[in-house]
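Participant: Okay, so here is protein-v4.cif, and as you'll see once you scroll down, it has mmCIF, C-alpha atoms.
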data_target
#
loop_
_atom_site.label_atom_id
_atom_site.label_comp_id
_atom_site.auth_asym_id
_atom_site.auth_seq_id
_atom_site.Cartn_x
_atom_site.Cartn_y
_atom_site.Cartn_z
CA MET A 272 79.72 -25.83 -53.35
CA SER A 273 76.53 -27.11 -51.79
CA ARG A 274 74.88 -25.10 -49.03
CA TRP A 275 75.01 -28.10 -46.74
CA GLU A 276 78.37 -29.22 -45.44
CA PRO A 277 78.66 -32.25 -43.15
CA ASN A 278 79.47 -31.07 -39.58
CA ALA A 279 80.51 -27.63 -40.82
CA ARG A 280 79.97 -26.14 -37.36
CA GLY A 281 82.28 -28.60 -35.63
CA ARG A 282 84.91 -28.36 -38.36
CA LEU A 283 84.90 -24.57 -38.10
CA GLU A 284 85.25 -24.73 -34.32
CA GLN A 285 88.19 -27.15 -34.49
CA ALA A 286 89.91 -25.09 -37.18
CA ALA A 287 89.38 -21.87 -35.22
CA LEU A 288 90.72 -23.30 -31.95
CA ALA A 289 93.78 -24.73 -33.69
CA LEU A 290 94.52 -21.40 -35.39
CA TYR A 291 93.89 -19.32 -32.25
CA ARG A 292 96.38 -21.50 -30.36
CA GLU A 293 98.98 -21.45 -33.13
CA ARG A 294 98.92 -17.74 -33.90
CA GLY A 295 96.92 -15.96 -31.23
CA PHE A 296 93.24 -15.03 -31.40
CA GLU A 297 93.79 -11.50 -32.65
CA GLN A 298 95.92 -12.50 -35.63
CA VAL A 299 93.48 -15.02 -37.11
CA THR A 300 90.93 -14.04 -39.80
CA VAL A 301 87.60 -15.66 -40.61
CA ALA A 302 88.93 -16.43 -44.10
CA GLU A 303 91.75 -18.46 -42.56
CA ILE A 304 89.40 -20.38 -40.30
CA ALA A 305 87.12 -21.25 -43.21
CA GLY A 306 90.12 -22.22 -45.34
CA ARG A 307 91.55 -24.51 -42.65
CA ALA A 308 88.13 -26.17 -42.31
CA GLY A 309 87.83 -26.59 -46.09
CA LEU A 310 84.78 -24.33 -46.13
CA THR A 311 83.85 -20.88 -47.41
CA GLU A 312 83.59 -17.66 -45.41
CA ARG A 313 79.90 -17.64 -46.31
CA THR A 314 79.50 -20.98 -44.56
CA PHE A 315 81.35 -19.60 -41.53
CA PHE A 316 78.90 -16.73 -41.24
CA ARG A 317 75.94 -19.10 -41.50
CA HIS A 318 77.16 -20.65 -38.24
CA TYR A 319 78.91 -17.88 -36.29
CA ALA A 320 78.45 -14.11 -36.15
CA ASP A 321 82.22 -13.53 -35.83
CA LYS A 322 85.42 -15.22 -34.74
CA ARG A 323 84.76 -14.50 -31.06
CA GLU A 324 81.37 -16.18 -31.27
CA VAL A 325 83.09 -19.51 -32.01
CA LEU A 326 84.30 -19.47 -28.40
CA PHE A 327 81.01 -18.44 -26.80
CA ALA A 328 78.38 -20.10 -28.98
CA GLY A 329 77.62 -22.61 -26.22
CA SER A 330 76.82 -20.03 -23.52
CA ALA A 331 73.08 -19.78 -24.13
CA ALA A 332 72.63 -23.55 -24.24
CA LEU A 333 74.63 -23.96 -21.01
CA GLN A 334 72.50 -21.33 -19.30
CA GLU A 335 69.30 -23.06 -20.45
CA LEU A 336 70.62 -26.40 -19.23
CA LEU A 337 71.49 -25.00 -15.79
CA VAL A 338 68.16 -23.21 -15.41
CA ARG A 339 66.31 -26.40 -16.35
CA GLY A 340 68.52 -28.39 -13.97
CA VAL A 341 67.57 -26.11 -11.06
CA ALA A 342 63.87 -26.29 -11.97
CA GLU A 343 64.01 -30.10 -12.11
CA ALA A 344 66.00 -30.63 -8.89
CA PRO A 345 64.15 -32.56 -6.15
CA ALA A 346 61.54 -30.40 -4.44
CA ASP A 347 63.21 -30.84 -1.04
CA ALA A 348 66.71 -29.87 -2.27
CA SER A 349 68.21 -26.82 -0.56
CA PRO A 350 69.04 -23.89 -2.90
CA ILE A 351 72.72 -24.83 -3.10
CA ALA A 352 71.93 -28.53 -3.49
CA ALA A 353 69.61 -27.66 -6.40
CA VAL A 354 72.41 -25.66 -8.02
CA VAL A 355 74.90 -28.49 -7.53
CA ALA A 356 72.40 -30.93 -9.08
CA ALA A 357 72.08 -28.61 -12.09
CA LEU A 358 75.86 -28.28 -12.47
CA ALA A 359 76.26 -32.05 -12.21
CA ALA A 360 73.58 -32.62 -14.85
CA ALA A 361 75.26 -30.15 -17.20
CA GLY A 362 78.58 -31.92 -16.79
CA GLU A 363 77.98 -34.40 -19.61
CA GLN A 364 78.02 -31.59 -22.14
CA PHE A 365 81.52 -30.75 -20.98
CA ASP A 366 82.75 -34.35 -20.77
CA ALA A 367 81.80 -34.96 -24.40
CA ARG A 368 84.19 -32.24 -25.51
CA ARG A 369 86.95 -32.07 -22.94
CA ASP A 370 89.74 -31.63 -25.44
CA LEU A 371 87.98 -28.72 -27.15
CA ALA A 372 87.21 -27.19 -23.75
CA ARG A 373 90.88 -27.42 -22.80
CA GLN A 374 91.97 -25.74 -26.01
CA ARG A 375 89.32 -23.06 -25.57
CA GLN A 376 90.53 -22.35 -22.05
CA VAL A 377 94.12 -21.81 -23.20
CA VAL A 378 92.93 -19.36 -25.87
CA ILE A 379 90.74 -17.43 -23.42
CA GLU A 380 93.39 -17.19 -20.73
CA THR A 381 95.86 -15.58 -23.10
CA ASN A 382 93.57 -12.77 -24.29
CA GLN A 383 92.29 -10.10 -21.91
CA GLU A 384 89.19 -9.28 -23.96
CA LEU A 385 88.16 -12.94 -24.13
CA LEU A 386 88.83 -13.39 -20.42
CA GLU A 387 86.54 -10.44 -19.68
CA ARG A 388 83.82 -11.89 -21.87
CA GLU A 389 84.21 -15.23 -20.04
CA LEU A 390 83.85 -13.50 -16.66
CA VAL A 391 80.72 -11.72 -17.89
CA LYS A 392 79.36 -15.10 -19.00
CA LEU A 393 79.98 -16.60 -15.55
CA ALA A 394 78.38 -13.60 -13.81
CA THR A 395 75.35 -13.99 -16.09
CA LEU A 396 75.15 -17.69 -15.24
CA ALA A 397 75.18 -16.85 -11.52
CA GLU A 398 72.24 -14.51 -12.06
CA ALA A 399 70.40 -17.08 -14.16
CA LEU A 400 70.85 -19.69 -11.40
CA ALA A 401 69.53 -17.22 -8.82
CA GLY A 402 66.55 -16.46 -11.09
CA ALA A 403 65.77 -20.18 -11.46
CA LEU A 404 65.91 -20.56 -7.67
CA ARG A 405 63.50 -17.67 -7.19
CA GLY A 406 61.26 -19.54 -9.62
CA ARG A 407 61.28 -22.40 -7.05
CA GLY A 408 60.13 -19.98 -4.35
CA VAL A 409 63.58 -19.32 -2.85
CA ALA A 410 63.86 -15.81 -1.37
CA ALA A 411 66.12 -13.43 -3.32
CA PRO A 412 68.99 -13.19 -0.77
CA ALA A 413 69.32 -16.98 -0.46
CA ALA A 414 68.98 -17.37 -4.23
CA ASP A 415 71.78 -14.88 -4.88
CA LEU A 416 74.05 -16.61 -2.38
CA ALA A 417 73.44 -20.04 -3.90
CA GLY A 418 73.95 -18.70 -7.43
CA GLN A 419 77.28 -17.10 -6.55
CA VAL A 420 78.51 -20.09 -4.55
CA GLY A 421 77.41 -22.39 -7.36
CA ILE A 422 79.53 -20.49 -9.87
CA ALA A 423 82.45 -20.54 -7.41
CA LEU A 424 82.12 -24.35 -7.29
CA LEU A 425 81.86 -24.57 -11.09
CA ARG A 426 85.02 -22.52 -11.56
CA VAL A 427 87.02 -24.63 -9.14
CA ALA A 428 85.62 -27.89 -10.55
CA PHE A 429 86.22 -26.81 -14.14
CA VAL A 430 89.91 -26.07 -13.54
CA ARG A 431 90.42 -29.45 -11.86
CA TRP A 432 88.45 -31.24 -14.59
CA ALA A 433 90.45 -29.61 -17.38
CA ALA A 434 93.73 -30.57 -15.66
CA ASP A 435 92.61 -34.09 -14.65
CA ALA A 436 95.07 -36.66 -16.00
CA ASP A 437 92.51 -39.39 -15.21
CA ASP A 438 89.74 -37.71 -17.21
CA ARG A 439 87.17 -38.00 -14.44
CA ARG A 440 83.82 -36.44 -15.28
CA LEU A 441 82.97 -32.84 -14.47
CA GLU A 442 80.13 -34.06 -12.24
CA THR A 443 82.73 -35.89 -10.12
CA HIS A 444 84.74 -32.68 -9.66
CA VAL A 445 81.64 -30.58 -8.91
CA ARG A 446 80.49 -33.03 -6.24
CA ALA A 447 84.01 -33.29 -4.78
CA ALA A 448 84.35 -29.49 -4.49
CA PHE A 449 80.89 -29.31 -2.88
CA ALA A 450 81.82 -32.08 -0.42
CA GLU A 451 85.01 -30.22 0.49
CA LEU A 452 83.04 -27.05 1.14
CA ARG A 453 80.56 -28.93 3.34
CA ASP A 454 83.38 -30.62 5.25
CA GLU A 455 85.12 -27.35 5.85
CA LEU A 456 81.99 -25.62 7.12
CA ARG A 457 80.85 -28.50 9.30
CA MET B 178 97.65 27.82 -8.62
CA SER B 179 99.68 26.04 -6.03
CA ARG B 180 100.75 22.46 -6.68
CA TRP B 181 99.14 21.36 -3.46
CA GLU B 182 95.36 21.37 -3.26
CA PRO B 183 93.60 20.29 -0.06
CA ASN B 184 91.96 16.86 -0.59
CA ALA B 185 92.29 17.15 -4.37
CA ARG B 186 91.97 13.40 -4.74
CA GLY B 187 88.69 13.17 -2.86
CA ARG B 188 87.26 16.24 -4.59
CA LEU B 189 88.13 14.79 -8.00
CA GLU B 190 86.51 11.49 -7.10
CA GLN B 191 83.30 13.12 -5.91
CA ALA B 192 83.15 15.37 -8.98
CA ALA B 193 83.77 12.41 -11.29
CA LEU B 194 81.09 10.22 -9.69
CA ALA B 195 78.54 13.03 -9.80
CA LEU B 196 79.26 13.70 -13.48
CA TYR B 197 79.29 10.00 -14.45
CA ARG B 198 75.88 9.61 -12.85
CA GLU B 199 74.43 12.77 -14.39
CA ARG B 200 75.64 12.27 -17.93
CA GLY B 201 77.03 8.75 -18.30
CA PHE B 202 80.65 7.69 -17.94
CA GLU B 203 81.46 7.84 -21.64
CA GLN B 204 80.28 11.42 -22.13
CA VAL B 205 82.35 12.97 -19.35
CA THR B 206 85.81 14.47 -20.00
CA VAL B 207 88.71 14.90 -17.60
CA ALA B 208 88.47 18.68 -18.15
CA GLU B 209 84.89 18.62 -16.88
CA ILE B 210 85.81 16.57 -13.81
CA ALA B 211 88.63 18.95 -12.94
CA GLY B 212 86.38 21.94 -13.54
CA ARG B 213 83.62 20.58 -11.30
CA ALA B 214 86.20 19.95 -8.57
CA GLY B 215 87.62 23.49 -8.96
CA LEU B 216 90.99 22.05 -10.01
CA THR B 217 93.10 21.84 -13.17
CA GLU B 218 93.46 18.92 -15.57
CA ARG B 219 97.09 18.82 -14.55
CA THR B 220 96.08 18.19 -10.97
CA PHE B 221 93.71 15.44 -12.14
CA PHE B 222 96.56 13.65 -13.89
CA ARG B 223 98.76 13.91 -10.80
CA HIS B 224 96.18 11.73 -9.03
CA TYR B 225 94.63 9.49 -11.69
CA ALA B 226 95.91 8.03 -14.95
CA ASP B 227 92.54 8.48 -16.69
CA LYS B 228 88.84 8.85 -15.94
CA ARG B 229 88.38 5.09 -15.52
CA GLU B 230 91.12 4.97 -12.91
CA VAL B 231 88.99 7.14 -10.61
CA LEU B 232 86.67 4.15 -10.23
CA PHE B 233 89.38 1.52 -9.70
CA ALA B 234 92.10 3.37 -7.80
CA GLY B 235 91.23 1.47 -4.60
CA SER B 236 91.70 -2.03 -6.09
CA ALA B 237 95.36 -2.48 -5.21
CA ALA B 238 94.87 -1.27 -1.63
CA LEU B 239 91.87 -3.60 -1.18
CA GLN B 240 93.88 -6.54 -2.48
CA GLU B 241 96.73 -5.74 -0.11
CA LEU B 242 94.30 -5.45 2.80
CA LEU B 243 92.70 -8.81 2.01
CA VAL B 244 96.05 -10.56 1.59
CA ARG B 245 97.24 -9.14 4.91
CA GLY B 246 93.95 -10.14 6.53
CA VAL B 247 94.40 -13.76 5.43
CA ALA B 248 98.01 -13.80 6.63
CA GLU B 249 96.99 -12.42 10.01
CA ALA B 250 93.98 -14.69 10.57
CA PRO B 251 94.25 -17.03 13.59
CA ALA B 252 96.58 -19.95 12.89
CA ASP B 253 93.82 -22.49 13.51
CA ALA B 254 91.30 -20.81 11.17
CA SER B 255 90.13 -22.96 8.27
CA PRO B 256 90.88 -21.57 4.79
CA ILE B 257 87.37 -20.15 4.36
CA ALA B 258 87.30 -18.81 7.92
CA ALA B 259 90.60 -17.01 7.23
CA VAL B 260 89.10 -15.47 4.09
CA VAL B 261 85.97 -14.39 5.95
CA ALA B 262 88.15 -12.82 8.65
CA ALA B 263 90.03 -10.89 5.96
CA LEU B 264 86.80 -9.70 4.29
CA ALA B 265 85.42 -8.64 7.67
CA ALA B 266 88.59 -6.72 8.49
CA ALA B 267 88.49 -4.94 5.12
CA GLY B 268 84.87 -3.92 5.73
CA GLU B 269 85.74 -0.70 7.55
CA GLN B 270 87.27 0.72 4.39
CA PHE B 271 83.91 0.28 2.70
CA ASP B 272 81.83 1.54 5.63
CA ALA B 273 83.76 4.81 5.70
CA ARG B 274 82.62 5.57 2.17
CA ARG B 275 79.30 3.86 1.68
CA ASP B 276 77.71 6.71 -0.24
CA LEU B 277 80.62 6.88 -2.71
CA ALA B 278 80.56 3.09 -3.08
CA ARG B 279 76.85 3.21 -3.87
CA GLN B 280 77.36 5.90 -6.51
CA ARG B 281 80.27 3.97 -7.98
CA GLN B 282 78.16 0.82 -8.23
CA VAL B 283 75.43 2.61 -10.17
CA VAL B 284 78.02 3.95 -12.63
CA ILE B 285 79.65 0.55 -13.09
CA GLU B 286 76.41 -1.34 -13.60
CA THR B 287 75.35 0.94 -16.43
CA ASN B 288 78.52 0.55 -18.51
CA GLN B 289 79.54 -2.79 -19.99
CA GLU B 290 83.25 -1.97 -20.16
CA LEU B 291 83.35 -0.89 -16.50
CA LEU B 292 81.39 -3.99 -15.47
CA GLU B 293 83.95 -6.18 -17.22
CA ARG B 294 86.79 -4.39 -15.47
CA GLU B 295 84.99 -4.89 -12.14
CA LEU B 296 84.62 -8.63 -12.82
CA VAL B 297 88.32 -8.86 -13.67
CA LYS B 298 89.09 -7.09 -10.39
CA LEU B 299 87.00 -9.61 -8.44
CA ALA B 300 88.61 -12.56 -10.23
CA THR B 301 92.03 -11.11 -9.40
CA LEU B 302 91.01 -10.75 -5.74
CA ALA B 303 89.94 -14.42 -5.67
CA GLU B 304 93.37 -15.41 -6.96
CA ALA B 305 95.11 -13.13 -4.47
CA LEU B 306 93.13 -14.69 -1.61
CA ALA B 307 94.08 -18.17 -2.83
CA GLY B 308 97.74 -17.10 -3.05
CA ALA B 309 97.63 -15.76 0.52
CA LEU B 310 96.16 -19.06 1.70
CA ARG B 311 98.89 -21.03 -0.03
CA GLY B 312 101.29 -18.77 1.87
CA ARG B 313 99.68 -20.19 5.05
CA GLY B 314 100.43 -23.72 3.85
CA VAL B 315 96.96 -24.44 2.44
CA ALA B 316 97.08 -26.86 -0.52
CA ALA B 317 96.27 -25.28 -3.89
CA PRO B 318 92.87 -26.97 -4.49
CA ALA B 319 91.54 -25.95 -1.06
CA ALA B 320 93.02 -22.45 -1.46
CA ASP B 321 91.30 -21.97 -4.83
CA LEU B 322 87.97 -23.13 -3.43
CA ALA B 323 88.17 -20.79 -0.43
CA GLY B 324 89.24 -17.86 -2.66
CA GLN B 325 86.30 -18.35 -5.03
CA VAL B 326 83.77 -18.91 -2.25
CA GLY B 327 85.15 -15.87 -0.43
CA ILE B 328 84.52 -13.66 -3.43
CA ALA B 329 81.04 -15.17 -3.81
CA LEU B 330 80.36 -14.14 -0.19
CA LEU B 331 81.81 -10.66 -0.78
CA ARG B 332 79.61 -10.10 -3.83
CA VAL B 333 76.46 -11.13 -2.00
CA ALA B 334 77.39 -9.14 1.12
CA PHE B 335 78.32 -6.06 -0.89
CA VAL B 336 74.94 -5.92 -2.67
CA ARG B 337 73.09 -6.26 0.64
CA TRP B 338 75.35 -3.69 2.30
CA ALA B 339 74.85 -1.15 -0.49
CA ALA B 340 71.07 -1.59 -0.31
CA ASP B 341 70.87 -1.67 3.50
CA ALA B 342 68.45 1.01 4.72
CA ASP B 343 69.82 0.52 8.26
CA ASP B 344 73.43 1.13 7.19
CA ARG B 345 74.77 -1.96 8.95
CA ARG B 346 78.49 -2.52 8.46
CA LEU B 347 79.89 -4.64 5.62
CA GLU B 348 81.39 -7.00 8.20
CA THR B 349 77.88 -7.70 9.49
CA HIS B 350 76.71 -8.64 6.00
CA VAL B 351 79.80 -10.79 5.30
CA ARG B 352 79.33 -12.73 8.52
CA ALA B 353 75.57 -13.09 7.91
CA ALA B 354 76.12 -14.49 4.40
CA PHE B 355 78.75 -16.88 5.77
CA ALA B 356 76.40 -18.01 8.55
CA GLU B 357 73.65 -18.65 5.99
CA LEU B 358 76.01 -20.74 3.90
CA ARG B 359 77.05 -22.78 6.94
CA ASP B 360 73.44 -23.30 7.98
CA GLU B 361 72.47 -24.46 4.54
CA LEU B 362 75.32 -26.96 4.29
CA ARG B 363 74.91 -28.29 7.81
#
Turn this file's structure into C-alpha cells for me.

Facilitator:
Amino acid sequence: MSRWEPNARGRLEQAALALYRERGFEQVTVAEIAGRAGLTERTFFRHYADKREVLFAGSAALQELLVRGVAEAPADASPIAAVVAALAAAGEQFDARRDLARQRQVVIETNQELLERELVKLATLAEALAGALRGRGVAAPAADLAGQVGIALLRVAFVRWAADADDRRLETHVRAAFAELRDELR
Amino acid sequence: MSRWEPNARGRLEQAALALYRERGFEQVTVAEIAGRAGLTERTFFRHYADKREVLFAGSAALQELLVRGVAEAPADASPIAAVVAALAAAGEQFDARRDLARQRQVVIETNQELLERELVKLATLAEALAGALRGRGVAAPAADLAGQVGIALLRVAFVRWAADADDRRLETHVRAAFAELRDELR
C-alpha cells in the first residue's frame, strides 16, 4: 500500500463519525475506523494521535482563525463587535462541513468525557479571544467580558445552526444572536 | 467518639482545602483530611461521597438558588435582567465564604480533571437558568441566549470578585459586568 492515500484524513473522519454514532465512541477501535475507511492503522496514526483526536483535530485551526479575525476586525470595532466579526468570519469553515459537525455534536453529547473536552475547548477559545483583544489594546476586564460573551453567542448560534432546517450559514445565526442581545439590552 | 461533631462539615472542608493547596489534590487522602479536621474517616463519609465532592457539594444548592431567583424576578424583567437578578441574589452565598471560594479556585485551576468538572457545572447552570426562563414563558432561543450570557457574566464577575482587594460583594461585580455589557452594546 502506498504511503499516500487520496483524502485519507477525510475518509478516516467520516468512518470514525459513522462508527461512533452506530456503536458509541467507547466501543470503537482505531483498527475498525481504518478498516471502514479502507486504510491501515498506520495511516490512521499518521493523521490522528488517537480516536478522540478525530473529534478535536480542528480546535487549533479554529482558535487561530478566531484570533486572526479579532486582530483584523476594523480598528473602531468595540471589543464585542470585534469578536462577533471573528466568529462570523470563521463561520465558513463550519458551513462547509455542516453534516459532519452535526454528527460530531451527537457523538460528543452522548459521552461525558468528550463533552468535558468540548467545554475545555470552548473555555480555551474564550481566553484566546480575550488575549487577541488585549493585543488590540483592550483592557483585561473588558477583554475577558467580550471573550466570554462571544463564546456564549457562539454556543447559542451553533445549536441553532446545527438544527436549522433551512441550512442558513453560521454567520447568519451569530449575527442574529448578537442582534437579539443588543435588542434586549437596549 | 460521638456521632455528632460540631460543624464537622465546615471543618472537613477547611482541612481539605488546606491540604489540597499544600500538597495537590491528587496526593491527599480522605484519612488525612479527617485527621487534619480532628475527625474520623467515617465522619467524612457521612458528609461527602469522596474528596472531590468537598469541592462541588454546593453546586446543587447554587443551582436551586439561581432557578428560584429567576422565578422570583419581577414579572416585567427581560430574560437577561431576570438572570442578572438571580445571580445578584445568589451573591450573598459567595460573599459569606470568599476566602474558601478563593482557596477552592486555586485548587481547581491547578487540576485538569477538577477544571473540567467545574466547566460541566457551569454549563449545567446555564441550562438550568434557561429552563427557569422557559418556566416564565420565555421562548427557548431567547432563554438559551440569556442562560449562556448569564453564565458569561457570572464567570467574569467571579474572577473580579475573587481578586478584589476591596472585598466588594459579588452582586456589585455582577451588576458592573452587566452595565459594561449594556454600555458596549448601546

Participant: Interatomic distance between atom CA of A:Arg292 and atom CA of A:Ile304?

Facilitator: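 Taking atom CA of A:Arg292 as the start and atom CA of A:Ile304 as the end point, the length is 12.2 Å.
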
Participant: Can you list, as a ChimeraX atom specification, the residues that the PyMOL selection byres ((chain B) within 12 of (chain A)) selects here?

Facilitator: /B:254-259,261,289-301,303-304,307,317-338,340,350-351,353-363

Participant: Can you tell me how far atom CA of A:Gln364 sits from atom CA of A:Ser330, in Å to one decimal?

Facilitator: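 Taking atom CA of A:Gln364 as the start and atom CA of A:Ser330 as the end point, the length is 11.7 Å.
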
Participant: Give me the least-squares superposed chain B (reference chain A; all C-alpha atoms paired in order) as a short mmCIF file (atom, residue, chain, number, x, y, z; two decimals) with C-alpha atoms, in the coordinates of the input.

Facilitator:
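The resulting file, part.cif, is shown below:
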data_model
loop_
_atom_site.label_atom_id
_atom_site.label_comp_id
_atom_site.auth_asym_id
_atom_site.auth_seq_id
_atom_site.Cartn_x
_atom_site.Cartn_y
_atom_site.Cartn_z
CA MET B 178 79.71 -25.81 -53.36
CA SER B 179 76.55 -27.10 -51.82
CA ARG B 180 74.90 -25.09 -49.06
CA TRP B 181 75.01 -28.08 -46.77
CA GLU B 182 78.38 -29.21 -45.47
CA PRO B 183 78.64 -32.22 -43.16
CA ASN B 184 79.45 -31.04 -39.59
CA ALA B 185 80.49 -27.60 -40.84
CA ARG B 186 79.97 -26.14 -37.39
CA GLY B 187 82.26 -28.60 -35.64
CA ARG B 188 84.91 -28.36 -38.37
CA LEU B 189 84.90 -24.56 -38.12
CA GLU B 190 85.24 -24.73 -34.35
CA GLN B 191 88.17 -27.13 -34.49
CA ALA B 192 89.89 -25.09 -37.20
CA ALA B 193 89.36 -21.87 -35.23
CA LEU B 194 90.72 -23.30 -31.96
CA ALA B 195 93.77 -24.73 -33.70
CA LEU B 196 94.52 -21.40 -35.40
CA TYR B 197 93.89 -19.32 -32.25
CA ARG B 198 96.35 -21.51 -30.38
CA GLU B 199 98.98 -21.47 -33.14
CA ARG B 200 98.94 -17.78 -33.90
CA GLY B 201 96.92 -15.96 -31.23
CA PHE B 202 93.24 -15.05 -31.40
CA GLU B 203 93.78 -11.52 -32.66
CA GLN B 204 95.91 -12.51 -35.64
CA VAL B 205 93.49 -15.04 -37.12
CA THR B 206 90.94 -14.06 -39.80
CA VAL B 207 87.61 -15.68 -40.61
CA ALA B 208 88.95 -16.45 -44.11
CA GLU B 209 91.77 -18.48 -42.56
CA ILE B 210 89.39 -20.40 -40.30
CA ALA B 211 87.13 -21.25 -43.22
CA GLY B 212 90.13 -22.22 -45.33
CA ARG B 213 91.54 -24.52 -42.65
CA ALA B 214 88.13 -26.17 -42.31
CA GLY B 215 87.85 -26.60 -46.11
CA LEU B 216 84.78 -24.34 -46.17
CA THR B 217 83.87 -20.86 -47.41
CA GLU B 218 83.62 -17.64 -45.42
CA ARG B 219 79.95 -17.64 -46.31
CA THR B 220 79.52 -20.96 -44.57
CA PHE B 221 81.37 -19.60 -41.53
CA PHE B 222 78.92 -16.72 -41.26
CA ARG B 223 75.95 -19.08 -41.52
CA HIS B 224 77.16 -20.64 -38.26
CA TYR B 225 78.90 -17.87 -36.30
CA ALA B 226 78.46 -14.11 -36.15
CA ASP B 227 82.22 -13.50 -35.83
CA LYS B 228 85.42 -15.22 -34.75
CA ARG B 229 84.76 -14.51 -31.06
CA GLU B 230 81.37 -16.18 -31.27
CA VAL B 231 83.08 -19.51 -32.01
CA LEU B 232 84.31 -19.47 -28.42
CA PHE B 233 81.01 -18.44 -26.80
CA ALA B 234 78.37 -20.09 -28.97
CA GLY B 235 77.61 -22.62 -26.21
CA SER B 236 76.81 -20.02 -23.51
CA ALA B 237 73.08 -19.77 -24.13
CA ALA B 238 72.63 -23.56 -24.25
CA LEU B 239 74.62 -23.96 -21.01
CA GLN B 240 72.49 -21.33 -19.29
CA GLU B 241 69.31 -23.05 -20.44
CA LEU B 242 70.62 -26.41 -19.22
CA LEU B 243 71.50 -25.00 -15.79
CA VAL B 244 68.16 -23.23 -15.42
CA ARG B 245 66.32 -26.42 -16.35
CA GLY B 246 68.52 -28.40 -13.96
CA VAL B 247 67.57 -26.12 -11.06
CA ALA B 248 63.88 -26.31 -11.96
CA GLU B 249 64.02 -30.09 -12.10
CA ALA B 250 66.00 -30.62 -8.89
CA PRO B 251 64.16 -32.56 -6.15
CA ALA B 252 61.55 -30.41 -4.42
CA ASP B 253 63.21 -30.85 -1.03
CA ALA B 254 66.70 -29.87 -2.26
CA SER B 255 68.20 -26.82 -0.57
CA PRO B 256 69.03 -23.90 -2.89
CA ILE B 257 72.72 -24.84 -3.10
CA ALA B 258 71.93 -28.54 -3.49
CA ALA B 259 69.61 -27.66 -6.40
CA VAL B 260 72.41 -25.66 -8.02
CA VAL B 261 74.90 -28.49 -7.53
CA ALA B 262 72.41 -30.92 -9.08
CA ALA B 263 72.08 -28.61 -12.09
CA LEU B 264 75.87 -28.27 -12.48
CA ALA B 265 76.26 -32.04 -12.21
CA ALA B 266 73.58 -32.62 -14.84
CA ALA B 267 75.25 -30.13 -17.20
CA GLY B 268 78.59 -31.92 -16.78
CA GLU B 269 77.99 -34.40 -19.59
CA GLN B 270 78.01 -31.58 -22.13
CA PHE B 271 81.52 -30.73 -20.99
CA ASP B 272 82.75 -34.33 -20.77
CA ALA B 273 81.79 -34.96 -24.39
CA ARG B 274 84.19 -32.27 -25.51
CA ARG B 275 86.95 -32.09 -22.94
CA ASP B 276 89.75 -31.65 -25.46
CA LEU B 277 87.97 -28.72 -27.15
CA ALA B 278 87.20 -27.18 -23.76
CA ARG B 279 90.87 -27.42 -22.80
CA GLN B 280 91.96 -25.74 -26.04
CA ARG B 281 89.33 -23.06 -25.59
CA GLN B 282 90.54 -22.34 -22.06
CA VAL B 283 94.12 -21.82 -23.22
CA VAL B 284 92.92 -19.36 -25.88
CA ILE B 285 90.74 -17.44 -23.43
CA GLU B 286 93.39 -17.18 -20.73
CA THR B 287 95.87 -15.59 -23.11
CA ASN B 288 93.59 -12.77 -24.29
CA GLN B 289 92.32 -10.09 -21.92
CA GLU B 290 89.21 -9.28 -23.96
CA LEU B 291 88.16 -12.95 -24.14
CA LEU B 292 88.83 -13.38 -20.41
CA GLU B 293 86.54 -10.44 -19.67
CA ARG B 294 83.82 -11.91 -21.86
CA GLU B 295 84.22 -15.24 -20.03
CA LEU B 296 83.84 -13.51 -16.65
CA VAL B 297 80.71 -11.74 -17.87
CA LYS B 298 79.35 -15.12 -19.00
CA LEU B 299 79.97 -16.61 -15.55
CA ALA B 300 78.37 -13.63 -13.80
CA THR B 301 75.35 -14.00 -16.08
CA LEU B 302 75.14 -17.72 -15.23
CA ALA B 303 75.17 -16.87 -11.50
CA GLU B 304 72.24 -14.52 -12.05
CA ALA B 305 70.39 -17.10 -14.14
CA LEU B 306 70.85 -19.70 -11.40
CA ALA B 307 69.52 -17.23 -8.82
CA GLY B 308 66.54 -16.47 -11.07
CA ALA B 309 65.78 -20.19 -11.44
CA LEU B 310 65.89 -20.57 -7.66
CA ARG B 311 63.50 -17.68 -7.18
CA GLY B 312 61.25 -19.55 -9.61
CA ARG B 313 61.29 -22.40 -7.04
CA GLY B 314 60.13 -19.98 -4.34
CA VAL B 315 63.58 -19.32 -2.85
CA ALA B 316 63.85 -15.81 -1.35
CA ALA B 317 66.11 -13.44 -3.30
CA PRO B 318 68.98 -13.19 -0.75
CA ALA B 319 69.29 -16.99 -0.45
CA ALA B 320 68.96 -17.38 -4.24
CA ASP B 321 71.77 -14.88 -4.87
CA LEU B 322 74.04 -16.61 -2.37
CA ALA B 323 73.43 -20.05 -3.89
CA GLY B 324 73.94 -18.69 -7.43
CA GLN B 325 77.28 -17.10 -6.54
CA VAL B 326 78.51 -20.09 -4.55
CA GLY B 327 77.41 -22.38 -7.37
CA ILE B 328 79.54 -20.51 -9.86
CA ALA B 329 82.45 -20.54 -7.40
CA LEU B 330 82.11 -24.35 -7.29
CA LEU B 331 81.86 -24.56 -11.09
CA ARG B 332 85.02 -22.50 -11.56
CA VAL B 333 87.01 -24.63 -9.14
CA ALA B 334 85.62 -27.89 -10.56
CA PHE B 335 86.22 -26.81 -14.14
CA VAL B 336 89.92 -26.06 -13.54
CA ARG B 337 90.41 -29.44 -11.85
CA TRP B 338 88.44 -31.22 -14.58
CA ALA B 339 90.47 -29.61 -17.37
CA ALA B 340 93.73 -30.57 -15.66
CA ASP B 341 92.62 -34.08 -14.64
CA ALA B 342 95.08 -36.65 -16.00
CA ASP B 343 92.53 -39.39 -15.20
CA ASP B 344 89.76 -37.71 -17.22
CA ARG B 345 87.18 -38.00 -14.44
CA ARG B 346 83.82 -36.44 -15.29
CA LEU B 347 82.97 -32.82 -14.47
CA GLU B 348 80.15 -34.05 -12.23
CA THR B 349 82.74 -35.88 -10.12
CA HIS B 350 84.73 -32.68 -9.66
CA VAL B 351 81.62 -30.58 -8.90
CA ARG B 352 80.49 -33.02 -6.23
CA ALA B 353 84.02 -33.28 -4.78
CA ALA B 354 84.34 -29.48 -4.49
CA PHE B 355 80.90 -29.32 -2.87
CA ALA B 356 81.82 -32.08 -0.42
CA GLU B 357 85.01 -30.21 0.51
CA LEU B 358 83.05 -27.05 1.14
CA ARG B 359 80.57 -28.91 3.36
CA ASP B 360 83.38 -30.59 5.28
CA GLU B 361 85.12 -27.32 5.88
CA LEU B 362 81.99 -25.58 7.15
CA ARG B 363 80.85 -28.47 9.31
#
